[in-house]
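What follows is the content of my_file.csv (CSV, C-alpha atoms and all ligand atoms).
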chain,number,residue,atom,x,y,z
A,4,MET,CA,-4.9,-31.0,61.9
A,5,LYS,CA,-7.6,-32.5,59.7
A,6,ARG,CA,-6.6,-32.4,56.1
A,7,ARG,CA,-9.0,-30.6,53.7
A,8,VAL,CA,-10.3,-32.4,50.8
A,9,GLU,CA,-10.1,-30.0,47.8
A,10,GLN,CA,-11.2,-30.7,44.2
A,11,ARG,CA,-8.0,-29.3,42.8
A,12,GLY,CA,-4.8,-28.0,44.2
A,13,ARG,CA,-3.7,-24.4,43.7
A,14,PHE,CA,-0.4,-23.1,42.3
A,15,ILE,CA,1.1,-20.0,44.1
A,16,THR,CA,4.5,-18.4,43.1
A,17,LEU,CA,6.7,-15.8,44.7
A,18,GLU,CA,8.7,-13.5,42.4
A,19,GLY,CA,11.1,-10.7,42.7
A,20,GLY,CA,14.8,-9.7,42.6
A,21,GLU,CA,17.4,-11.3,44.8
A,22,GLY,CA,17.2,-10.6,48.5
A,23,VAL,CA,13.6,-9.1,48.4
A,24,GLY,CA,12.3,-11.8,50.8
A,25,LYS,CA,10.8,-14.5,48.6
A,26,THR,CA,12.1,-17.4,50.7
A,27,THR,CA,11.2,-15.7,54.0
A,28,ASN,CA,7.6,-15.0,52.9
A,29,LEU,CA,7.2,-18.4,51.2
A,30,ARG,CA,7.7,-20.0,54.7
A,31,LEU,CA,5.0,-17.6,56.1
A,32,ILE,CA,2.5,-18.6,53.3
A,33,GLY,CA,3.3,-22.3,53.9
A,34,ASP,CA,2.5,-21.9,57.6
A,35,ILE,CA,-0.8,-20.0,56.9
A,36,LEU,CA,-1.9,-22.8,54.4
A,37,ALA,CA,-0.8,-25.6,56.7
A,38,ARG,CA,-2.8,-24.1,59.6
A,39,ARG,CA,-5.8,-24.1,57.4
A,40,GLY,CA,-5.3,-27.8,56.7
A,41,TYR,CA,-4.0,-27.6,53.2
A,42,ASP,CA,-1.5,-30.2,52.0
A,43,VAL,CA,1.4,-27.9,50.9
A,44,LEU,CA,4.4,-28.7,48.7
A,45,VAL,CA,7.1,-26.0,48.8
A,46,THR,CA,9.5,-26.0,45.9
A,47,ARG,CA,11.7,-23.7,43.9
A,48,GLU,CA,13.1,-22.8,40.4
A,49,PRO,CA,15.4,-23.5,39.0
A,50,GLY,CA,15.3,-26.7,40.9
A,51,GLY,CA,12.8,-28.9,42.7
A,52,THR,CA,14.1,-32.3,41.3
A,53,THR,CA,17.5,-33.9,41.3
A,54,LEU,CA,18.1,-33.1,37.6
A,55,ALA,CA,16.7,-29.6,37.9
A,56,GLU,CA,18.9,-28.9,40.9
A,57,GLU,CA,21.9,-30.0,38.9
A,58,ILE,CA,20.9,-27.6,36.1
A,59,ARG,CA,20.6,-24.9,38.7
A,60,GLU,CA,24.2,-25.4,39.7
A,61,VAL,CA,25.2,-25.1,36.0
A,62,LEU,CA,23.2,-21.9,35.7
A,63,LEU,CA,24.5,-20.2,38.8
A,64,ALA,CA,28.2,-21.2,38.6
A,65,ARG,CA,30.5,-18.3,37.8
A,66,ARG,CA,32.5,-19.0,34.6
A,67,ASP,CA,34.8,-17.3,32.1
A,68,GLU,CA,32.8,-18.4,29.1
A,69,ARG,CA,29.9,-16.1,28.2
A,70,VAL,CA,26.6,-17.8,28.4
A,71,THR,CA,24.3,-16.6,25.7
A,72,PRO,CA,20.8,-15.5,26.7
A,73,LEU,CA,19.2,-18.3,24.5
A,74,ALA,CA,21.4,-21.0,26.1
A,75,GLU,CA,20.5,-19.6,29.6
A,76,ALA,CA,16.8,-19.7,28.7
A,77,LEU,CA,17.0,-23.2,27.4
A,78,LEU,CA,18.7,-24.4,30.5
A,79,VAL,CA,16.0,-22.7,32.7
A,80,PHE,CA,13.2,-24.3,30.6
A,81,ALA,CA,14.9,-27.8,30.7
A,82,ALA,CA,14.9,-27.6,34.5
A,83,ARG,CA,11.3,-26.3,34.4
A,84,ALA,CA,10.1,-29.1,32.1
A,85,GLN,CA,11.4,-31.7,34.5
A,86,HIS,CA,10.0,-29.9,37.5
A,87,VAL,CA,6.5,-29.2,36.0
A,88,HIS,CA,6.0,-32.7,34.7
A,89,THR,CA,7.4,-34.8,37.5
A,90,VAL,CA,6.6,-32.6,40.6
A,91,ILE,CA,4.2,-29.7,40.1
A,92,GLU,CA,1.5,-31.3,37.9
A,93,PRO,CA,1.4,-34.6,39.9
A,94,ALA,CA,1.1,-32.6,43.1
A,95,LEU,CA,-1.7,-30.4,41.8
A,96,ALA,CA,-3.5,-33.5,40.4
A,97,GLU,CA,-3.5,-34.9,43.9
A,98,GLY,CA,-5.2,-31.8,45.3
A,99,ARG,CA,-2.0,-30.4,46.9
A,100,TRP,CA,-1.1,-26.7,47.0
A,101,VAL,CA,2.2,-25.9,45.3
A,102,LEU,CA,4.2,-22.9,46.6
A,103,CYS,CA,7.0,-22.2,44.3
A,104,ASP,CA,10.0,-19.8,44.7
A,105,ARG,CA,10.1,-18.3,41.2
A,106,PHE,CA,8.6,-19.6,37.9
A,107,THR,CA,8.3,-18.4,34.3
A,108,ASP,CA,7.8,-14.7,35.3
A,109,SER,CA,11.5,-14.9,36.4
A,110,THR,CA,12.4,-15.9,32.8
A,111,PHE,CA,10.6,-12.9,31.4
A,112,ALA,CA,12.3,-10.7,34.0
A,113,TYR,CA,15.9,-12.1,33.8
A,114,GLN,CA,16.4,-13.7,30.3
A,115,SER,CA,14.1,-11.2,28.5
A,116,GLY,CA,14.3,-8.0,30.6
A,117,GLY,CA,17.8,-8.5,32.0
A,118,ARG,CA,19.6,-10.3,29.1
A,119,GLY,CA,17.5,-8.9,26.2
A,120,LEU,CA,16.2,-12.2,24.8
A,121,ASP,CA,13.1,-11.7,22.6
A,122,VAL,CA,9.9,-11.9,24.7
A,123,ALA,CA,8.4,-14.0,21.9
A,124,ILE,CA,11.0,-16.8,22.4
A,125,VAL,CA,10.2,-16.9,26.2
A,126,GLU,CA,6.4,-17.1,25.3
A,127,GLN,CA,7.0,-19.9,22.9
A,128,LEU,CA,9.2,-21.9,25.3
A,129,ALA,CA,6.6,-21.4,28.0
A,130,ALA,CA,3.8,-22.6,25.8
A,131,TRP,CA,5.9,-25.6,24.8
A,132,VAL,CA,7.0,-26.6,28.3
A,133,HIS,CA,4.0,-25.9,30.5
A,134,GLY,CA,1.1,-25.1,28.0
A,135,THR,CA,-1.7,-23.3,29.8
A,136,ARG,CA,-0.4,-24.1,33.3
A,137,TRP,CA,0.2,-20.7,35.0
A,138,PRO,CA,0.1,-19.9,38.7
A,139,ASP,CA,-3.3,-19.2,40.2
A,140,MET,CA,-1.7,-16.4,42.1
A,141,THR,CA,1.7,-14.7,42.0
A,142,LEU,CA,3.1,-12.4,44.7
A,143,TYR,CA,5.6,-10.1,43.2
A,144,LEU,CA,7.9,-8.5,45.9
A,145,ASP,CA,9.2,-5.3,44.5
A,146,ALA,CA,12.2,-3.4,45.8
A,147,PRO,CA,15.0,-1.3,44.2
A,148,ALA,CA,18.0,-3.4,43.3
A,149,GLY,CA,20.2,-1.6,45.8
A,150,THR,CA,17.9,-2.2,48.8
A,151,ALA,CA,17.6,-5.9,48.3
A,152,MET,CA,21.3,-6.4,47.4
A,153,ALA,CA,22.3,-4.8,50.7
A,154,ARG,CA,20.4,-7.5,52.6
A,155,ILE,CA,22.6,-10.3,51.0
A,156,ALA,CA,25.8,-8.3,50.7
A,157,ASP,CA,27.7,-10.7,53.0
A,158,ARG,CA,27.3,-13.9,51.0
A,159,ASP,CA,29.2,-15.2,48.0
A,160,HIS,CA,27.8,-13.9,44.8
A,161,ASP,CA,26.7,-16.4,42.1
A,162,ARG,CA,26.8,-15.7,38.3
A,163,PHE,CA,23.6,-13.6,38.4
A,164,GLU,CA,24.4,-11.7,41.6
A,165,GLY,CA,27.7,-10.6,40.0
A,166,GLU,CA,25.8,-8.5,37.4
A,167,PRO,CA,25.9,-4.7,37.5
A,168,LYS,CA,23.1,-2.6,38.9
A,169,ALA,CA,21.8,-1.7,35.4
A,170,PHE,CA,21.0,-5.4,34.8
A,171,PHE,CA,18.9,-5.6,38.0
A,172,ASP,CA,17.1,-2.3,37.0
A,173,ARG,CA,16.1,-3.9,33.7
A,174,VAL,CA,14.9,-7.1,35.6
A,175,ARG,CA,12.8,-4.9,37.9
A,176,ALA,CA,11.3,-3.0,35.0
A,177,ALA,CA,10.3,-6.2,33.3
A,178,TYR,CA,8.8,-7.6,36.5
A,179,ARG,CA,6.8,-4.4,37.0
A,180,GLU,CA,5.5,-4.6,33.4
A,181,ARG,CA,4.3,-8.1,34.0
A,182,ALA,CA,2.7,-7.1,37.3
A,183,ARG,CA,0.7,-4.5,35.4
A,184,SER,CA,-0.4,-6.8,32.6
A,185,GLU,CA,-1.1,-10.1,34.4
A,186,ALA,CA,-4.3,-10.1,36.7
A,187,ARG,CA,-2.9,-13.0,38.8
A,188,VAL,CA,0.1,-10.9,40.0
A,189,VAL,CA,-0.2,-9.0,43.3
A,190,GLU,CA,2.6,-6.4,43.7
A,191,ILE,CA,3.9,-5.8,47.2
A,192,ASP,CA,6.3,-3.1,48.2
A,193,ALA,CA,9.2,-5.1,49.7
A,194,SER,CA,11.5,-2.2,50.5
A,195,ARG,CA,9.6,-1.7,53.8
A,196,PRO,CA,10.4,-3.5,57.1
A,197,LEU,CA,9.7,-7.3,57.0
A,198,ALA,CA,6.7,-7.1,59.4
A,199,ASP,CA,4.9,-4.7,57.0
A,200,VAL,CA,5.8,-6.8,53.9
A,201,SER,CA,4.6,-10.0,55.7
A,202,ALA,CA,1.4,-8.3,56.7
A,203,ASP,CA,0.6,-7.5,53.1
A,204,VAL,CA,1.6,-11.0,52.0
A,205,THR,CA,-0.8,-12.5,54.6
A,206,ALA,CA,-3.6,-10.2,53.5
A,207,ALA,CA,-3.1,-11.2,49.9
A,208,VAL,CA,-3.2,-14.9,50.8
A,209,GLU,CA,-6.3,-14.4,52.9
A,210,ARG,CA,-8.1,-12.6,50.0
A,211,PHE,CA,-7.1,-15.5,47.7
A,212,LEU,CA,-8.4,-18.1,50.2
A,213,ALA,CA,-11.7,-16.2,50.5
A,214,GLY,CA,-12.0,-16.3,46.6
A,215,VAL,CA,-11.3,-20.1,46.7
A,216,ALA,CA,-13.9,-20.6,49.4
A,217,CYS,CA,-16.5,-18.6,47.3
A,218,SER,CA,-15.8,-20.7,44.2
A,219,ALA,CA,-16.0,-24.1,46.0
A,301,LIG,N1,16.7,-17.3,37.4
A,301,LIG,C1,16.6,-16.9,36.1
A,301,LIG,O1,17.5,-16.2,35.6
A,301,LIG,N2,15.5,-17.3,35.3
A,301,LIG,C2,14.5,-18.1,35.8
A,301,LIG,O2,13.6,-18.4,35.1
A,301,LIG,C3,14.6,-18.5,37.2
A,301,LIG,C4,15.7,-18.1,37.9
A,301,LIG,C5,13.5,-19.3,37.7
A,301,LIG,C6,18.6,-18.0,41.5
A,301,LIG,O3,17.4,-17.7,42.1
A,301,LIG,C7,18.8,-17.2,40.2
A,301,LIG,O4,18.1,-17.9,39.2
A,301,LIG,C8,18.3,-15.8,40.3
A,301,LIG,C9,17.5,-15.6,39.0
A,301,LIG,C10,17.8,-16.9,38.2
A,301,LIG,N3,19.3,-14.9,40.3
A,301,LIG,N4,19.8,-14.3,41.1
A,301,LIG,N5,20.5,-13.7,41.7
A,301,LIG,P1,17.1,-17.6,43.7
A,301,LIG,O5,15.7,-17.4,43.9
A,301,LIG,O6,17.7,-18.8,44.3
A,301,LIG,O7,18.0,-16.4,44.1
A,301,LIG,P2,17.7,-15.2,44.9
A,301,LIG,O8,16.6,-14.3,44.4
A,301,LIG,O9,19.1,-14.6,45.0
A,301,LIG,O10,17.2,-15.8,46.3
A,301,LIG,P3,17.5,-15.2,47.7
A,301,LIG,O11,18.8,-14.5,47.8
A,301,LIG,O12,17.3,-16.3,48.7
A,301,LIG,O13,16.5,-14.0,47.9
A,301,LIG,P4,15.0,-14.0,48.6
A,301,LIG,O14,14.5,-15.4,48.7
A,301,LIG,O15,14.2,-13.1,47.8
A,301,LIG,O16,15.3,-13.4,50.0
A,301,LIG,P5,15.3,-14.1,51.4
A,301,LIG,O17,16.3,-15.2,51.5
A,301,LIG,O18,14.0,-14.3,51.9
A,301,LIG,O19,15.9,-12.8,52.3
A,301,LIG,C11,17.2,-12.4,52.1
A,301,LIG,C12,17.7,-11.7,53.5
A,301,LIG,O20,16.9,-10.5,53.6
A,301,LIG,C13,17.4,-12.6,54.7
A,301,LIG,O21,18.4,-12.4,55.6
A,301,LIG,C14,16.1,-12.0,55.2
A,301,LIG,O22,15.9,-12.2,56.6
A,301,LIG,C15,16.2,-10.5,54.9
A,301,LIG,N6,14.9,-9.9,54.6
A,301,LIG,C16,13.9,-10.3,53.9
A,301,LIG,N7,12.9,-9.4,53.8
A,301,LIG,C17,13.4,-8.3,54.4
A,301,LIG,C18,12.8,-7.0,54.7
A,301,LIG,N8,11.6,-6.6,54.2
A,301,LIG,N9,13.6,-6.1,55.4
A,301,LIG,C19,14.8,-6.5,55.8
A,301,LIG,N10,15.4,-7.7,55.7
A,301,LIG,C20,14.7,-8.6,55.0
Show me, as C-alpha cells, the structure contained in the file I just sent.
Amino acid sequence: MKRRVEQRGRFITLEGGEGVGKTTNLRLIGDILARRGYDVLVTREPGGTTLAEEIREVLLARRDERVTPLAEALLVFAARAQHVHTVIEPALAEGRWVLCDRFTDSTFAYQSGGRGLDVAIVEQLAAWVHGTRWPDMTLYLDAPAGTAMARIADRDHDRFEGEPKAFFDRVRAAYRERARSEARVVEIDASRPLADVSADVTAAVERFLAGVACSA
C-alpha cells in the first residue's frame, strides 16, 4: 500500500465508559485508515510510554488508602504530559494519524463528573499540559453503565471498575454534557449490537475523511 503524504497528521480519540467497545472499534478505525494508506499510531491513556504505563498501574491498582480526586487528576495529567510530548506531538508532526483510546474528555468524565473535582481545575491542567492540542475528532460511545459492565463482568475489577453504579451514572452524564458542548465529539449509541455500532463508527470516520479531503 502506497503511503499518503499528508501535510499534517490528525488526532482521533475514542471515549466512553468501561466495556462500551472503545478498544474493539479503535482496531476497526485503524484498519480503515491503514487501508486508505495513512500511517497510523494506535495508543491509549493513561499509558502510551513506559513511564505513563507505570503511572497507569499506580492509578488502576486497588488499595486501602483513599486516593483524593486531585491526586488522581495529577497522576492522569503526569502520564498525559509524558505521552503528549514524547509520543503524540512528534507523531503528528511527522504527518502520522494518532488514534488514542481515551484522552482529556475522560478526565472531565471521571475525575470531575465521577469524583466531583472542580471542572476549572481539569481545564487548567489541560491548558497547562497540552495547551491548544485537542483531538480533531472524538467518537463517544454511549451506553448505560449496566449494559457495558455486563460485557466485562467476568474479568478482575480494577480500582475504577469496583466503583458503584452511581459513580458510572455521573461519569456518563458528564460525557453526555461534553458531547453536547464540543463540536468535535460524535456520539454513538453503543448499547446496540456490535455490528450496528461499528457501522456508525465507520460512517463517522468516512465523513471525517471526506472533510479532510475537501480541506486538502
Ligand atoms: N481514566 C480516568 O479516570 N481518567 C482519565 O483521564 C483516563 C482514564 C484517560 C482505564 O481505562 C481507567 O482509567 C478507566 C478510566 C480511567 N476506568 N475504568 N474502568 P481503560 O480504557 O483501560 O478501561 P476500560 O474502559 O475499562 O477499557 P475496556 O474494558 O477495554 O473497555 P472498552 O475498550 O470500551 O471495551 P472493549 O474491550 O472494546 O469491549 C469489551 C467487551 O465487550 C469485549 O468482549 C467486546 O467484544 C465486547 N463488545 C464491545 N462492543 C460490544 C457491543 N456493541 N455489543 C456486545 N459486546 C460488545
Proximity of chain A to ligand LIG 301 (chain A): per-residue shortest pair, 8 Å limit, only C-alpha atoms and all ligand atoms, as JSON lines:
{"residue": "A:Glu18", "atom": "CA", "partner": "A:LIG301", "partner_atom": "O15", "distance": 7.7}
{"residue": "A:Gly19", "atom": "CA", "partner": "A:LIG301", "partner_atom": "O15", "distance": 6.4}
{"residue": "A:Gly20", "atom": "CA", "partner": "A:LIG301", "partner_atom": "O8", "distance": 5.3}
{"residue": "A:Glu21", "atom": "CA", "partner": "A:LIG301", "partner_atom": "O8", "distance": 3.1}
{"residue": "A:Gly22", "atom": "CA", "partner": "A:LIG301", "partner_atom": "O13", "distance": 3.5}
{"residue": "A:Val23", "atom": "CA", "partner": "A:LIG301", "partner_atom": "O15", "distance": 4.1}
{"residue": "A:Gly24", "atom": "CA", "partner": "A:LIG301", "partner_atom": "O18", "distance": 3.2}
{"residue": "A:Lys25", "atom": "CA", "partner": "A:LIG301", "partner_atom": "O15", "distance": 3.8}
{"residue": "A:Thr26", "atom": "CA", "partner": "A:LIG301", "partner_atom": "O14", "distance": 3.7}
{"residue": "A:Thr27", "atom": "CA", "partner": "A:LIG301", "partner_atom": "O18", "distance": 3.8}
{"residue": "A:Asn28", "atom": "CA", "partner": "A:LIG301", "partner_atom": "O18", "distance": 6.5}
{"residue": "A:Leu29", "atom": "CA", "partner": "A:LIG301", "partner_atom": "O18", "distance": 8.0}
{"residue": "A:Arg47", "atom": "CA", "partner": "A:LIG301", "partner_atom": "O5", "distance": 7.5}
{"residue": "A:Glu48", "atom": "CA", "partner": "A:LIG301", "partner_atom": "C5", "distance": 4.4}
{"residue": "A:Pro49", "atom": "CA", "partner": "A:LIG301", "partner_atom": "C5", "distance": 4.8}
{"residue": "A:Arg59", "atom": "CA", "partner": "A:LIG301", "partner_atom": "O4", "distance": 7.4}
{"residue": "A:Leu62", "atom": "CA", "partner": "A:LIG301", "partner_atom": "O4", "distance": 7.4}
{"residue": "A:Leu63", "atom": "CA", "partner": "A:LIG301", "partner_atom": "C7", "distance": 6.6}
{"residue": "A:Glu75", "atom": "CA", "partner": "A:LIG301", "partner_atom": "O1", "distance": 7.5}
{"residue": "A:Ala76", "atom": "CA", "partner": "A:LIG301", "partner_atom": "N2", "distance": 7.1}
{"residue": "A:Val79", "atom": "CA", "partner": "A:LIG301", "partner_atom": "O2", "distance": 5.5}
{"residue": "A:Phe80", "atom": "CA", "partner": "A:LIG301", "partner_atom": "O2", "distance": 7.4}
{"residue": "A:Asp104", "atom": "CA", "partner": "A:LIG301", "partner_atom": "O5", "distance": 6.2}
{"residue": "A:Arg105", "atom": "CA", "partner": "A:LIG301", "partner_atom": "C5", "distance": 5.0}
{"residue": "A:Phe106", "atom": "CA", "partner": "A:LIG301", "partner_atom": "C5", "distance": 4.9}
{"residue": "A:Thr107", "atom": "CA", "partner": "A:LIG301", "partner_atom": "O2", "distance": 5.4}
{"residue": "A:Asp108", "atom": "CA", "partner": "A:LIG301", "partner_atom": "O2", "distance": 6.9}
{"residue": "A:Ser109", "atom": "CA", "partner": "A:LIG301", "partner_atom": "O2", "distance": 4.3}
{"residue": "A:Thr110", "atom": "CA", "partner": "A:LIG301", "partner_atom": "O2", "distance": 3.6}
{"residue": "A:Phe111", "atom": "CA", "partner": "A:LIG301", "partner_atom": "O2", "distance": 7.3}
{"residue": "A:Ala112", "atom": "CA", "partner": "A:LIG301", "partner_atom": "N2", "distance": 7.4}
{"residue": "A:Tyr113", "atom": "CA", "partner": "A:LIG301", "partner_atom": "O1", "distance": 4.8}
{"residue": "A:Gln114", "atom": "CA", "partner": "A:LIG301", "partner_atom": "O1", "distance": 6.0}
{"residue": "A:Ala151", "atom": "CA", "partner": "A:LIG301", "partner_atom": "O20", "distance": 7.1}
{"residue": "A:Arg154", "atom": "CA", "partner": "A:LIG301", "partner_atom": "O20", "distance": 4.7}
{"residue": "A:Ile155", "atom": "CA", "partner": "A:LIG301", "partner_atom": "C12", "distance": 5.7}
{"residue": "A:His160", "atom": "CA", "partner": "A:LIG301", "partner_atom": "N5", "distance": 7.9}
{"residue": "A:Asp161", "atom": "CA", "partner": "A:LIG301", "partner_atom": "N5", "distance": 6.8}
{"residue": "A:Arg162", "atom": "CA", "partner": "A:LIG301", "partner_atom": "N5", "distance": 7.4}
{"residue": "A:Phe163", "atom": "CA", "partner": "A:LIG301", "partner_atom": "N5", "distance": 4.5}
{"residue": "A:Glu164", "atom": "CA", "partner": "A:LIG301", "partner_atom": "N5", "distance": 4.4}
{"residue": "A:Ala193", "atom": "CA", "partner": "A:LIG301", "partner_atom": "N8", "distance": 5.3}
{"residue": "A:Ser194", "atom": "CA", "partner": "A:LIG301", "partner_atom": "N8", "distance": 5.7}
{"residue": "A:Arg195", "atom": "CA", "partner": "A:LIG301", "partner_atom": "N8", "distance": 5.3}
{"residue": "A:Pro196", "atom": "CA", "partner": "A:LIG301", "partner_atom": "N8", "distance": 4.4}
{"residue": "A:Leu197", "atom": "CA", "partner": "A:LIG301", "partner_atom": "N8", "distance": 3.5}
{"residue": "A:Ala198", "atom": "CA", "partner": "A:LIG301", "partner_atom": "N8", "distance": 7.2}
{"residue": "A:Asp199", "atom": "CA", "partner": "A:LIG301", "partner_atom": "N8", "distance": 7.5}
{"residue": "A:Val200", "atom": "CA", "partner": "A:LIG301", "partner_atom": "N8", "distance": 5.8}
{"residue": "A:Ser201", "atom": "CA", "partner": "A:LIG301", "partner_atom": "N8", "distance": 7.9}
Can you list, as a PDB file with C-alpha atoms, in the coordinates of the input, every protein, DNA or RNA residue that comes within 9 Å of Ala169 in chain A when you count all atoms listed in the file, leaving out same-chain residues fewer than 4 positions away?
ATOM      1  CA  GLY A 117      17.800  -8.500  32.000  1.00  0.00           C
ATOM      2  CA  ALA A 148      18.000  -3.400  43.300  1.00  0.00           C
ATOM      3  CA  ARG A 173      16.100  -3.900  33.700  1.00  0.00           C
ATOM      4  CA  VAL A 174      14.900  -7.100  35.600  1.00  0.00           C
TER       5      VAL A 174
END
field: Pairwise distance for CA of Gly165 in chain A and CA of Thr71 in chain A, rounded to one decimal in Å
entry: 15.9 Å
task: Find the spatial neighbours of Val204 in chain A, counting all atoms listed in the file, within a cut-off of 8 Å - ignore same-chain residues fewer than 2 positions away - and output them as a list in words.
output: Asn28, Ile32, Leu142, Ile191, Val200, Ser201, Ala202, Ala206, Ala207 and Val208 of chain A
message: Just checking: using only C-alpha atoms, which residue out of A:Val122, A:Val132, A:Trp100, A:Arg65 ends up closest to His88 in chain A?
response: A:Val132
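CA of Val90 in chain A is positioned 29.2 Å from CA of Arg183 in chain A.
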- request: For Leu36 in chain A, please output as an NGL selection string all residues within 12 Å (counting only C-alpha atoms; exclusion window: fewer than 2 positions along the same chain).
  value: :A and (4 or 6-7 or 12-13 or 15 or 29-34 or 38-45 or 99-102 or 205 or 208-209 or 211-212)
- request: With a distance cut-off of 10 Å and only C-alpha atoms, select the neighbouring residues of Thr53 in chain A, excluding the residue or stretch itself and same-chain residues fewer than 4 positions from it, and output the selection as an MDAnalysis selection string.
  value: chainID A and resid 57:59 82 85:86
- prompt: Which value, in Å to one decimal, gives the distance between CA of Pro138 in chain A and CA of Arg181 in chain A?
  reply: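 Separation of CA of Pro138 in chain A and CA of Arg181 in chain A: 13.4 Å.
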Counting all atoms listed in the file, the option among A:Asp203, A:Asp139, A:Glu126, A:Asp145 closest to Arg187 in chain A: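 Nearest candidate to Arg187 in chain A out of A:Asp203, A:Asp139, A:Glu126, A:Asp145: A:Asp139.
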Will you model N, CA, C and O atoms for range 14-29 of chain A and pass it back as a short mmCIF file (atom, residue, chain, number, x, y, z; two decimals), in the coordinates of the input?
data_model
loop_
_atom_site.label_atom_id
_atom_site.label_comp_id
_atom_site.auth_asym_id
_atom_site.auth_seq_id
_atom_site.Cartn_x
_atom_site.Cartn_y
_atom_site.Cartn_z
N PHE A 14 -1.77 -23.33 42.63
CA PHE A 14 -0.40 -23.10 42.30
C PHE A 14 -0.06 -21.62 42.64
O PHE A 14 -0.62 -20.72 42.00
N ILE A 15 0.79 -21.38 43.63
CA ILE A 15 1.10 -20.00 44.10
C ILE A 15 2.63 -19.81 43.90
O ILE A 15 3.42 -20.67 44.31
N THR A 16 3.02 -18.69 43.30
CA THR A 16 4.50 -18.40 43.10
C THR A 16 4.85 -17.11 43.77
O THR A 16 4.03 -16.20 43.91
N LEU A 17 6.11 -17.04 44.17
CA LEU A 17 6.70 -15.80 44.70
C LEU A 17 7.76 -15.33 43.69
O LEU A 17 8.59 -16.14 43.24
N GLU A 18 7.74 -14.05 43.37
CA GLU A 18 8.70 -13.50 42.40
C GLU A 18 9.32 -12.23 42.94
O GLU A 18 8.76 -11.57 43.82
N GLY A 19 10.46 -11.88 42.35
CA GLY A 19 11.10 -10.70 42.70
C GLY A 19 12.63 -10.81 42.55
O GLY A 19 13.13 -11.91 42.32
N GLY A 20 13.34 -9.72 42.68
CA GLY A 20 14.80 -9.70 42.60
C GLY A 20 15.43 -10.45 43.76
O GLY A 20 14.73 -10.89 44.68
N GLU A 21 16.73 -10.55 43.74
CA GLU A 21 17.40 -11.30 44.80
C GLU A 21 17.35 -10.49 46.11
O GLU A 21 17.43 -9.26 46.11
N GLY A 22 17.17 -11.24 47.21
CA GLY A 22 17.20 -10.60 48.50
C GLY A 22 15.90 -9.85 48.88
O GLY A 22 15.86 -9.19 49.92
N VAL A 23 14.85 -9.91 48.05
CA VAL A 23 13.60 -9.10 48.40
C VAL A 23 12.80 -9.81 49.46
O VAL A 23 11.88 -9.20 50.00
N GLY A 24 13.09 -11.09 49.76
CA GLY A 24 12.30 -11.80 50.80
C GLY A 24 11.43 -12.88 50.35
O GLY A 24 10.51 -13.28 51.06
N LYS A 25 11.69 -13.42 49.16
CA LYS A 25 10.80 -14.50 48.60
C LYS A 25 10.83 -15.71 49.54
O LYS A 25 9.78 -16.22 49.92
N THR A 26 12.03 -16.19 49.86
CA THR A 26 12.10 -17.40 50.70
C THR A 26 11.52 -17.22 52.04
O THR A 26 10.78 -18.08 52.53
N THR A 27 11.77 -16.06 52.64
CA THR A 27 11.20 -15.70 54.00
C THR A 27 9.70 -15.77 53.93
O THR A 27 9.06 -16.39 54.79
N ASN A 28 9.11 -15.11 52.94
CA ASN A 28 7.60 -15.00 52.90
C ASN A 28 6.99 -16.31 52.39
O ASN A 28 5.83 -16.57 52.70
N LEU A 29 7.76 -17.11 51.65
CA LEU A 29 7.20 -18.40 51.20
C LEU A 29 6.98 -19.30 52.46
O LEU A 29 5.97 -20.00 52.53
#
